[in-house]
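Okay, start35.txt now, which holds compact mmCIF, C-alpha atoms:
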# COMPACT_ATOMS: atom_id res chain seq x y z
CA MET N 1 -28.55 -38.82 54.78
CA ILE N 2 -32.01 -40.35 55.08
CA LEU N 3 -32.29 -43.84 53.65
CA ASP N 4 -34.91 -44.27 50.96
CA THR N 5 -36.58 -47.55 51.76
CA GLU N 6 -39.38 -47.17 49.21
CA GLY N 7 -37.36 -46.81 46.02
CA LEU N 8 -35.68 -49.24 43.66
CA LYS N 9 -32.19 -48.50 44.93
CA PRO N 10 -30.81 -51.13 47.33
CA ILE N 11 -29.78 -49.95 50.80
CA TYR N 12 -26.16 -51.06 50.36
CA LEU N 13 -25.88 -48.88 47.25
CA GLN N 14 -27.26 -45.91 49.14
CA ILE N 15 -24.67 -46.46 51.86
CA ALA N 16 -21.91 -46.69 49.24
CA GLU N 17 -23.07 -43.52 47.52
CA TRP N 18 -23.21 -41.68 50.81
CA ILE N 19 -19.57 -42.58 51.51
CA GLU N 20 -18.67 -41.50 47.97
CA GLU N 21 -20.28 -38.13 48.66
CA GLU N 22 -18.36 -37.79 51.90
CA ILE N 23 -15.20 -38.34 49.87
CA LEU N 24 -16.21 -35.89 47.13
CA HIS N 25 -17.06 -33.20 49.70
CA GLY N 26 -13.74 -33.73 51.42
CA ASN N 27 -15.20 -34.96 54.70
CA LEU N 28 -13.15 -38.08 54.13
CA ASP N 29 -9.63 -37.52 52.86
CA VAL N 30 -7.14 -39.83 51.18
CA ASP N 31 -5.91 -42.43 53.71
CA ASP N 32 -8.67 -41.57 56.17
CA LYS N 33 -10.32 -44.51 57.88
CA VAL N 34 -13.91 -45.09 56.76
CA TYR N 35 -16.73 -45.98 59.16
CA SER N 36 -16.86 -49.69 59.93
CA GLN N 37 -19.82 -51.82 58.93
CA TYR N 38 -20.89 -51.83 62.57
CA LYS N 39 -20.71 -48.07 62.93
CA LEU N 40 -22.73 -47.66 59.73
CA ALA N 41 -25.25 -50.27 60.90
CA ASP N 42 -25.70 -48.39 64.15
CA MET N 43 -25.94 -44.98 62.43
CA TYR N 44 -28.63 -46.05 59.99
CA THR N 45 -30.27 -48.92 61.92
CA ILE N 46 -29.53 -51.44 59.23
CA ASN N 47 -28.12 -54.95 59.30
CA PRO N 48 -24.28 -54.88 59.48
CA ALA N 49 -24.16 -57.29 56.53
CA THR N 50 -25.90 -54.68 54.37
CA ALA N 51 -23.37 -52.04 55.37
CA ALA N 52 -20.54 -54.50 54.72
CA LYS N 53 -21.85 -55.10 51.22
CA GLY N 54 -21.66 -51.37 50.46
CA LEU N 55 -18.11 -51.15 51.81
CA LYS N 56 -17.04 -54.22 49.86
CA MET N 57 -18.38 -52.73 46.65
CA LEU N 58 -16.31 -49.59 47.17
CA ALA N 59 -13.23 -51.70 47.90
CA ASP N 60 -13.81 -53.79 44.76
CA GLU N 61 -13.96 -50.59 42.71
CA GLY N 62 -10.68 -49.36 44.16
CA ILE N 63 -12.26 -46.44 45.99
CA LEU N 64 -11.33 -47.90 49.37
CA TYR N 65 -8.45 -50.14 50.32
CA ASP N 66 -8.14 -52.71 53.06
CA ARG N 67 -5.66 -52.72 55.88
CA ARG N 68 -5.92 -56.07 57.48
CA GLY N 69 -7.42 -55.85 60.94
CA LEU N 70 -7.62 -52.08 60.81
CA GLY N 71 -10.52 -51.53 58.45
CA LYS N 72 -11.04 -49.73 55.17
CA PHE N 73 -9.36 -46.51 54.08
CA VAL N 74 -9.81 -43.97 51.27
CA ALA N 75 -7.61 -44.76 48.26
CA SER N 76 -5.43 -42.04 46.73
CA ASP N 77 -7.36 -41.87 43.44
CA ALA N 78 -10.76 -42.36 45.04
CA LYS N 79 -12.14 -39.03 43.82
CA THR N 80 -11.17 -39.67 40.20
CA ILE N 81 -12.73 -43.12 40.23
CA ILE N 82 -15.96 -41.83 41.76
CA LEU N 83 -16.25 -38.97 39.27
CA GLU N 84 -15.67 -41.27 36.29
CA LYS N 85 -18.15 -43.75 37.64
CA ARG N 86 -20.80 -41.07 38.15
CA LYS N 87 -20.30 -39.81 34.59
CA ASP N 88 -20.89 -43.30 33.28
CA GLU N 89 -23.78 -44.08 35.54
CA SER N 90 -25.79 -40.97 36.23
CA ILE N 91 -25.08 -38.84 33.16
CA ASP N 92 -25.52 -41.69 30.70
CA GLN N 93 -28.64 -42.82 32.47
CA LEU N 94 -30.16 -39.35 32.54
CA MET N 95 -29.25 -38.94 28.88
CA GLU N 96 -31.00 -42.18 28.07
CA SER N 97 -34.29 -41.05 29.57
CA LEU N 98 -33.85 -37.52 28.21
CA VAL N 99 -33.51 -38.77 24.64
CA LYS N 100 -36.33 -41.25 25.13
CA GLN N 101 -38.62 -38.48 26.32
CA ALA N 102 -37.54 -36.14 23.51
CA VAL N 103 -38.24 -38.77 20.87
CA TRP N 104 -41.61 -39.44 22.42
CA LEU N 105 -42.45 -35.74 22.22
CA GLY N 106 -41.39 -35.69 18.58
CA MET N 107 -38.40 -33.45 19.13
CA SER N 108 -35.55 -33.33 16.60
CA GLU N 109 -31.94 -34.02 17.55
CA GLU N 110 -31.09 -30.41 16.68
CA GLU N 111 -33.82 -29.03 18.94
CA LEU N 112 -32.74 -31.19 21.88
CA LEU N 113 -29.11 -30.12 21.50
CA GLN N 114 -30.16 -26.47 21.34
CA ARG N 115 -32.07 -26.85 24.56
CA VAL N 116 -29.20 -28.61 26.30
CA LYS N 117 -26.83 -25.84 25.21
CA LYS N 118 -29.23 -23.18 26.43
CA VAL N 119 -29.49 -24.76 29.89
CA TRP N 120 -25.72 -25.23 29.95
CA ARG N 121 -25.13 -21.53 29.23
CA GLU N 122 -27.65 -20.43 31.85
CA ARG N 123 -26.18 -22.69 34.52
CA THR N 124 -22.52 -21.91 33.91
CA ASN N 125 -23.23 -18.15 33.88
CA GLU N 126 -25.09 -18.44 37.14
CA ASN N 127 -22.12 -20.01 38.84
CA ARG N 128 -19.70 -17.26 37.88
CA MET E 1 -21.27 -72.75 60.34
CA LYS E 2 -24.81 -73.99 59.81
CA ILE E 3 -26.63 -73.56 63.07
CA VAL E 4 -29.98 -74.87 61.88
CA LYS E 5 -30.57 -77.77 59.53
CA CYS E 6 -33.91 -79.22 58.48
CA ARG E 7 -34.32 -82.26 56.29
CA ASP E 8 -37.78 -83.25 55.01
CA VAL E 9 -39.32 -81.95 58.21
CA THR E 10 -43.02 -82.50 58.66
CA LYS E 11 -45.22 -81.64 61.61
CA GLN E 12 -48.71 -82.96 61.77
CA TYR E 13 -51.48 -82.07 64.22
CA GLY E 14 -54.03 -84.83 63.79
CA LYS E 15 -54.80 -84.80 60.11
CA VAL E 16 -53.54 -81.28 59.52
CA LYS E 17 -50.04 -80.85 58.15
CA ALA E 18 -48.68 -77.67 59.73
CA LEU E 19 -45.27 -78.20 58.12
CA ASP E 20 -44.86 -80.20 54.97
CA GLY E 21 -41.38 -81.15 53.81
CA ILE E 22 -39.16 -78.34 55.10
CA ASN E 23 -35.58 -78.45 53.78
CA LEU E 24 -33.25 -75.65 54.72
CA SER E 25 -30.17 -74.63 56.61
CA MET E 26 -29.32 -71.38 58.33
CA ASP E 27 -25.95 -69.72 58.79
CA GLU E 28 -24.70 -68.68 62.17
CA ASN E 29 -25.08 -65.09 63.37
CA LYS E 30 -27.61 -63.88 60.88
CA ILE E 31 -30.86 -62.08 61.56
CA THR E 32 -33.58 -63.82 59.58
CA GLY E 33 -37.12 -62.55 59.18
CA VAL E 34 -39.69 -65.34 59.22
CA ILE E 35 -42.60 -64.18 57.11
CA GLY E 36 -45.90 -65.75 56.12
CA ARG E 37 -49.65 -65.50 56.39
CA ASN E 38 -51.50 -66.45 59.56
CA GLY E 39 -51.47 -70.23 59.89
CA ALA E 40 -48.63 -70.68 57.39
CA GLY E 41 -46.56 -72.66 59.90
CA LYS E 42 -44.15 -70.01 61.20
CA THR E 43 -44.79 -70.68 64.87
CA THR E 44 -44.66 -74.45 64.46
CA PHE E 45 -41.37 -74.13 62.59
CA MET E 46 -39.78 -71.96 65.24
CA LYS E 47 -41.09 -74.10 68.10
CA LEU E 48 -39.47 -77.13 66.48
CA LEU E 49 -36.13 -75.32 66.44
CA ALA E 50 -36.53 -74.34 70.08
CA GLY E 51 -37.29 -77.96 71.02
CA MET E 52 -40.76 -77.15 72.25
CA LEU E 53 -42.34 -79.48 69.71
CA LYS E 54 -41.17 -82.71 68.14
CA GLU E 55 -41.17 -83.20 64.38
CA THR E 56 -43.54 -85.86 63.03
CA SER E 57 -41.03 -86.98 60.43
CA GLY E 58 -37.76 -85.80 58.99
CA ARG E 59 -34.96 -84.38 61.06
CA VAL E 60 -34.28 -81.05 62.76
CA ASP E 61 -30.76 -80.21 63.89
CA VAL E 62 -29.85 -77.19 65.99
CA PHE E 63 -26.21 -76.83 67.02
CA SER E 64 -25.84 -80.26 65.34
CA GLN E 65 -28.22 -81.83 67.88
CA ARG E 66 -31.87 -82.78 67.87
CA PRO E 67 -33.53 -80.00 69.86
CA PHE E 68 -36.48 -81.86 71.43
CA ASN E 69 -35.81 -82.70 75.09
CA ASN E 70 -32.26 -81.46 74.75
CA LEU E 71 -30.55 -79.46 77.52
CA THR E 72 -27.76 -78.04 75.36
CA VAL E 73 -30.25 -76.64 72.89
CA SER E 74 -32.46 -75.47 75.72
CA VAL E 75 -29.82 -73.41 77.47
CA ASN E 76 -28.55 -71.88 74.22
CA THR E 77 -31.95 -71.07 72.79
CA ILE E 78 -34.66 -68.67 73.83
CA TYR E 79 -38.12 -68.50 72.36
CA ILE E 80 -40.08 -65.33 72.97
CA ASP E 81 -43.76 -64.99 72.13
CA ASP E 82 -46.78 -63.32 73.64
CA GLN E 83 -47.88 -66.34 75.61
CA MET E 84 -44.88 -66.67 77.87
CA ASN E 85 -45.61 -68.14 81.26
CA PHE E 86 -43.54 -66.77 84.10
CA PRO E 87 -43.92 -67.84 87.73
CA PRO E 88 -46.83 -65.66 88.91
CA THR E 89 -45.44 -64.84 92.34
CA LEU E 90 -42.15 -63.33 91.22
CA THR E 91 -41.80 -59.60 90.58
CA LEU E 92 -40.39 -58.38 87.29
CA VAL E 93 -36.95 -57.76 88.75
CA GLU E 94 -36.94 -61.21 90.33
CA LEU E 95 -37.75 -62.64 86.90
CA LEU E 96 -34.72 -60.87 85.45
CA GLU E 97 -32.63 -62.31 88.30
CA GLU E 98 -33.82 -65.80 87.35
CA GLY E 99 -32.86 -65.09 83.75
CA ARG E 100 -29.38 -64.24 84.94
CA ARG E 101 -29.18 -67.50 86.85
CA PHE E 102 -30.26 -69.62 83.92
CA TYR E 103 -28.69 -68.12 80.79
CA PRO E 104 -24.88 -68.22 80.73
CA ASN E 105 -24.46 -65.13 78.50
CA TRP E 106 -27.11 -63.03 80.23
CA ASN E 107 -26.30 -59.31 80.21
CA HIS E 108 -27.80 -57.98 83.44
CA ASP E 109 -26.74 -54.35 82.99
CA LEU E 110 -28.50 -54.28 79.66
CA ALA E 111 -31.58 -55.92 81.15
CA LEU E 112 -31.81 -53.34 83.94
CA GLY E 113 -31.01 -50.48 81.56
CA LEU E 114 -33.83 -51.44 79.21
CA PHE E 115 -36.10 -52.13 82.19
CA GLU E 116 -35.67 -48.57 83.34
CA HIS E 117 -35.80 -47.08 79.84
CA PHE E 118 -39.21 -48.60 79.19
CA GLY E 119 -40.54 -47.39 82.54
CA PHE E 120 -41.09 -50.65 84.41
CA ARG E 121 -41.44 -50.69 88.17
CA LYS E 122 -39.44 -53.24 90.09
CA LYS E 123 -42.33 -54.69 92.04
CA ASP E 124 -44.74 -55.04 89.13
CA LEU E 125 -46.08 -58.49 88.35
CA HIS E 126 -45.99 -59.91 84.85
CA LYS E 127 -49.67 -60.85 84.86
CA ASN E 128 -50.71 -57.26 85.61
CA LEU E 129 -48.90 -55.77 82.62
CA SER E 130 -50.77 -54.37 79.64
CA LYS E 131 -50.36 -56.18 76.32
CA GLY E 132 -47.75 -53.74 75.02
CA LYS E 133 -45.83 -53.67 78.31
CA GLU E 134 -45.85 -57.44 78.46
CA SER E 135 -44.33 -57.63 74.99
CA ALA E 136 -41.72 -55.06 75.98
CA PHE E 137 -40.74 -57.04 79.06
CA ASN E 138 -40.51 -60.30 77.10
CA MET E 139 -38.37 -58.51 74.56
CA ILE E 140 -35.97 -57.40 77.30
CA VAL E 141 -35.61 -61.02 78.42
CA GLY E 142 -35.05 -62.07 74.80
CA ILE E 143 -32.31 -59.53 74.15
CA ALA E 144 -30.57 -59.78 77.54
CA SER E 145 -30.37 -63.59 77.38
CA ARG E 146 -27.93 -63.31 74.46
CA CYS E 147 -28.71 -66.90 73.45
CA ALA E 148 -26.81 -68.31 70.48
CA LEU E 149 -30.21 -68.94 68.92
CA THR E 150 -32.70 -66.22 69.78
CA ILE E 151 -36.24 -66.60 68.45
CA PHE E 152 -38.89 -63.89 68.57
CA ASP E 153 -42.39 -64.89 67.49
CA GLU E 154 -44.36 -61.71 66.81
CA PRO E 155 -42.52 -59.83 69.54
CA THR E 156 -44.13 -56.46 68.92
CA THR E 157 -47.77 -57.38 69.63
CA GLY E 158 -49.42 -54.42 71.31
CA MET E 159 -46.30 -52.24 71.31
CA ASP E 160 -46.81 -48.66 70.18
CA ALA E 161 -44.71 -47.29 67.33
CA VAL E 162 -42.18 -45.61 69.62
CA VAL E 163 -41.54 -48.74 71.66
CA ARG E 164 -41.25 -50.80 68.46
CA LYS E 165 -38.58 -48.47 67.09
CA ASP E 166 -36.71 -48.58 70.40
CA PHE E 167 -36.92 -52.35 70.38
CA TYR E 168 -35.40 -52.59 66.88
CA ARG E 169 -32.57 -50.27 67.82
CA ALA E 170 -31.86 -52.04 71.09
CA LEU E 171 -31.81 -55.40 69.36
CA LEU E 172 -29.53 -54.19 66.57
CA LYS E 173 -27.14 -52.44 68.95
CA ASP E 174 -26.79 -55.52 71.11
CA TYR E 175 -26.49 -57.74 68.04
CA ILE E 176 -23.60 -55.59 66.79
CA GLU E 177 -21.92 -55.92 70.16
CA TYR E 178 -22.68 -59.59 70.52
CA PRO E 179 -23.59 -61.30 67.22
CA ARG E 180 -25.87 -64.33 67.41
CA THR E 181 -28.45 -66.09 65.29
CA ILE E 182 -31.80 -64.35 65.48
CA LEU E 183 -35.09 -65.48 63.98
CA MET E 184 -38.01 -63.14 64.06
CA SER E 185 -41.51 -63.55 62.74
CA THR E 186 -43.45 -60.38 62.19
CA HIS E 187 -46.41 -58.90 60.39
CA TYR E 188 -44.66 -55.54 60.47
CA MET E 189 -42.12 -56.33 57.82
CA ASP E 190 -41.97 -52.78 56.44
CA ASP E 191 -40.82 -51.65 59.87
CA MET E 192 -38.09 -54.20 60.15
CA GLU E 193 -36.73 -55.05 56.76
CA GLU E 194 -33.49 -53.12 57.22
CA LEU E 195 -32.74 -55.30 60.23
CA PHE E 196 -32.97 -58.56 58.34
CA GLU E 197 -30.10 -60.13 56.49
CA ASP E 198 -32.19 -63.05 55.21
CA VAL E 199 -35.86 -63.72 54.79
CA LEU E 200 -37.65 -67.03 55.13
CA LEU E 201 -41.09 -66.97 53.55
CA ILE E 202 -43.30 -69.85 54.64
CA ASP E 203 -46.53 -70.63 52.83
CA GLN E 204 -48.92 -73.46 53.68
CA GLY E 205 -46.27 -75.39 55.58
CA LYS E 206 -43.65 -75.12 52.86
CA VAL E 207 -40.65 -72.91 52.25
CA LYS E 208 -41.62 -70.47 49.53
CA LEU E 209 -38.45 -68.39 49.60
CA HIS E 210 -35.28 -68.34 51.64
CA ILE E 211 -33.12 -65.55 50.28
CA GLY E 212 -31.12 -62.49 51.23
CA MET E 213 -33.06 -59.34 51.99
CA ASP E 214 -31.32 -57.53 49.14
CA ASP E 215 -32.38 -60.22 46.71
CA LEU E 216 -35.94 -59.97 47.94
CA ARG E 217 -35.84 -56.22 47.40
CA GLY E 218 -34.95 -56.79 43.76
CA TYR E 219 -37.08 -59.90 43.36
CA ALA E 220 -39.97 -58.26 41.57
CA VAL E 221 -40.68 -55.03 39.77
CA GLY E 222 -43.92 -53.13 39.33
CA LEU E 223 -44.90 -52.11 35.82
CA SER E 224 -47.69 -49.81 34.78
CA GLY E 225 -48.88 -48.57 31.42
CA LYS E 226 -51.52 -48.83 28.76
CA LYS E 227 -52.98 -52.24 28.02
CA ASP E 228 -51.72 -52.15 24.43
CA ASP E 229 -48.15 -51.67 25.62
CA MET E 230 -48.36 -53.91 28.65
CA LEU E 231 -50.16 -57.06 27.59
CA PRO E 232 -47.75 -58.10 24.81
CA TRP E 233 -44.87 -57.39 27.13
CA LEU E 234 -46.28 -59.48 29.96
CA GLU E 235 -46.71 -62.49 27.70
CA GLY E 236 -44.60 -65.41 28.88
CA ARG E 237 -43.35 -63.60 31.95
CA ASN E 238 -43.70 -64.62 35.55
CA VAL E 239 -46.54 -62.30 36.59
CA LEU E 240 -47.23 -62.36 40.33
CA TYR E 241 -50.03 -59.86 40.33
CA GLN E 242 -52.05 -57.95 37.79
CA LYS E 243 -54.71 -55.31 38.15
CA GLU E 244 -56.58 -52.92 35.93
CA THR E 245 -56.08 -49.43 37.22
CA GLY E 246 -58.25 -47.41 34.83
CA PHE E 247 -60.06 -47.72 31.51
CA ASP E 248 -57.08 -49.17 29.71
CA ASP E 249 -54.30 -48.98 32.29
CA VAL E 250 -52.73 -52.03 33.82
CA TYR E 251 -50.46 -52.47 36.82
CA ALA E 252 -48.52 -55.71 37.06
CA VAL E 253 -45.88 -57.15 39.34
CA VAL E 254 -43.43 -59.43 37.55
CA VAL E 255 -40.43 -61.39 38.71
CA ASN E 256 -37.29 -59.47 37.90
CA ASP E 257 -35.45 -61.95 35.71
CA ASP E 258 -32.39 -59.90 34.89
CA GLN E 259 -33.36 -59.04 31.36
CA GLN E 260 -31.91 -55.59 31.80
CA ASN E 261 -31.70 -54.97 28.08
CA ASP E 262 -35.38 -55.49 27.80
CA TRP E 263 -36.12 -52.76 30.33
CA ASN E 264 -34.76 -50.19 27.92
CA ARG E 265 -37.04 -51.33 25.14
CA MET E 266 -40.17 -51.00 27.19
CA GLY E 267 -41.25 -47.71 25.69
CA ASN E 268 -44.04 -46.21 27.71
CA ILE E 269 -44.15 -48.75 30.49
CA LYS E 270 -43.21 -47.26 33.86
CA ARG E 271 -41.17 -49.25 36.35
CA SER E 272 -41.51 -48.95 40.08
CA ALA E 273 -40.20 -50.66 43.17
CA VAL E 274 -42.24 -53.32 44.90
CA ARG E 275 -41.86 -53.39 48.64
CA PRO E 276 -40.53 -56.68 50.03
CA SER E 277 -43.64 -57.04 52.18
CA ASP E 278 -45.81 -56.71 49.08
CA VAL E 279 -43.71 -59.29 47.22
CA CYS E 280 -44.41 -61.67 50.10
CA VAL E 281 -48.13 -60.96 49.90
CA TYR E 282 -48.21 -61.56 46.13
CA LEU E 283 -46.23 -64.77 46.49
CA THR E 284 -48.56 -66.18 49.11
CA ASN E 285 -51.92 -65.10 47.77
CA ASP E 286 -54.12 -68.08 46.98
CA LYS E 287 -55.42 -68.13 43.46
CA GLY E 288 -58.79 -66.45 43.40
CA GLY E 289 -58.30 -65.46 46.99
CA GLU E 290 -59.06 -61.80 46.47
CA LEU E 291 -61.56 -60.32 48.86
CA GLU E 292 -63.68 -59.13 45.92
CA HIS E 293 -64.76 -62.71 45.21
CA VAL E 294 -66.54 -62.93 48.54
CA PHE E 295 -68.67 -59.92 47.72
CA ARG E 296 -69.22 -60.79 44.09
CA SER E 297 -70.66 -64.24 44.85
CA GLY E 298 -72.62 -62.87 47.78
CA LYS E 299 -71.92 -65.81 50.00
CA ASN E 300 -69.47 -66.30 52.78
CA GLU E 301 -68.07 -69.78 52.89

Translate this file's structure into structure tokens.
Amino acid sequence: MILDTEGLKPIYLQIAEWIEEEILHGNLDVDDKVYSQYKLADMYTINPATAAKGLKMLADEGILYDRRGLGKFVASDAKTIILEKRKDESIDQLMESLVKQAVWLGMSEEELLQRVKKVWRERTNENR
Amino acid sequence: MKIVKCRDVTKQYGKVKALDGINLSMDENKITGVIGRNGAGKTTFMKLLAGMLKETSGRVDVFSQRPFNNLTVSVNTIYIDDQMNFPPTLTLVELLEEGRRFYPNWNHDLALGLFEHFGFRKKDLHKNLSKGKESAFNMIVGIASRCALTIFDEPTTGMDAVVRKDFYRALLKDYIEYPRTILMSTHYMDDMEELFEDVLLIDQGKVKLHIGMDDLRGYAVGLSGKKDDMLPWLEGRNVLYQKETGFDDVYAVVVNDDQQNDWNRMGNIKRSAVRPSDVCVYLTNDKGGELEHVFRSGKNE
């Protein structure tokens, strides 16, 4: 991962999302130990406190759990939590701007839905 | 633990107030970026902490002691800038040896490792170094000393981009291994912002901001759009900067005041990030201080 230091997204969020992706891709399994704040700080040349903030967020959301003195580990339902969270965050957010744009272009609800369905069909066929 | 405390601190040079009522405290083991325009008071502030200057009024405490003329503070603090005076007859390696003798936490392996990495020769003299090399050597002394309070005043003067990057990494790596309180003033904030945990913005001798780097990153937001959309929306908001960017386009930087619901109702106004360094510039720009005024009036005061 390359950190995006120009955008609106805070660094600690980018770190958290990167760990989430590692979990989704299976590079980090249930009960695996996650990189420490210091390891992350060294990897990305960021302040350890920033890395710690990302880890703490994941722990607060139940994606990681703490073992005192040993560090943070991947929780058993980490994947489910991440997927649900992404549905809420990214899909809803994309939908928001999609609808906004469609309204601005004077599109009807029906037309937008048709287009979504069309893209859906094309994509799911491609993957088969 | 609060390692630095300032209460109503003022420093006056003749009639000029370099620092004017500084109140703050700093937590132990944080890296704080000290930011501000030239002449804002950054150097004076850091020299007070290092005990190199005495406050005119108010009270500075470092390690719960007054730093001026104080041995405890002296041995636990290092102040690195580009005007460091080393004994002129000692070679660079001998200077490192002296560092080892004076600073109790001195890491000599690290000092020699960095010395070699940056291509210094053992018998070189400090006064013969180029500007960039001099900064690099001072930086080695600053990192290797491992002082509980380590202060860098514009440490990267003259360094090329590669050396700067190496310096940041070396500092961070050693900080991870051996946490301590680090203050660093710089004009290269974009380069360094990921290193900072906190930022202290000084403006005209006063503390303008003292917040976490993450908070500074979200402190302001850039908005751009048509005048008709923008101007009503900007009404009553804390606008730090505003500029016309076309016939009827406006770009504005406003303080991000958590009115998230409002963002959704902004219609055709585009949001963008504002770099922390730019936030600092907008916060410390004098009113009417734009360069354009000089040219418009045709006179140079």

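The point (-3.9, -38.6, 46.5) has these residues within 9 Å of it when all atoms listed in the file are used: Asp29, Val30, Asp31, Ala75, Ser76, Asp77, Ala78 and Lys79 of chain N.
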
Grab the atom CA of Leu240 of chain E to atom CA of Val274 of chain E distance for me, in Å with one decimal place.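 Atom CA of Val274 of chain E lies 11.3 Å from atom CA of Leu240 of chain E.
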
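With all atoms listed in the file as the basis for measurement, N:Ser97 is the residue among N:Ser97, N:Gly26, N:Glu17, N:Asp66 that approaches chain E most closely.
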
Show me, as a VMD selection string, every residue of chain N with an atom at most 8 Å from chain E, counting all atoms listed in the file. chain N and resid 6 to 8 10 to 11 38 42 45 to 50

Tell me, as a list in words, which residues lie within 6 Å of segment 143-148 of chain E, counting all atoms listed in the file; anything in the same chain fewer than 4 positions away does not count.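 Near neighbours after the sequence-gap exclusion: Asn76, Thr77, Tyr103, Asn105, Trp106, Asn107, Ala111, Arg180 and Thr181 of chain E.
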
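Taking atom CA of Ala16 of chain N and atom CA of Gly71 of chain N as the two end points, the separation is 15.4 Å.
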
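From atom CA of Gly33 of chain E back to atom CA of Leu183 of chain E, the distance works out to 6.0 Å.
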
Using only C-alpha atoms and a cutoff of 12 Å, can you tell me which residues are near (-9.7, -53.5, 61.5) in the file's coordinates, and write them out as a count of residues only? 15

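Checking E:His210, E:Lys127, E:Lys226, E:Arg237 one by one against Val34 of chain E, counting all atoms listed in the file, you find the shortest gap at E:His210.
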
Between E:Ile182, E:Met26, E:Leu209, E:Leu19, which residue has the minimum interatomic distance to Ile78 of chain E, considering only C-alpha atoms?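 Looking at the shortest contact to Ile78 of chain E, the residue is E:Ile182.
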
Between N:Ile82, N:Leu28, N:Ile15, N:Val74, which residue has the minimum interatomic distance to Leu3 of chain N, considering all atoms listed in the file? N:Ile15

For Asp160 of chain E, which residue out of E:Met189, E:Ala18, E:Ile3, E:Ser130 is the nearest one, using all atoms listed in the file?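 Nearest candidate to Asp160 of chain E out of E:Met189, E:Ala18, E:Ile3, E:Ser130: E:Ser130.
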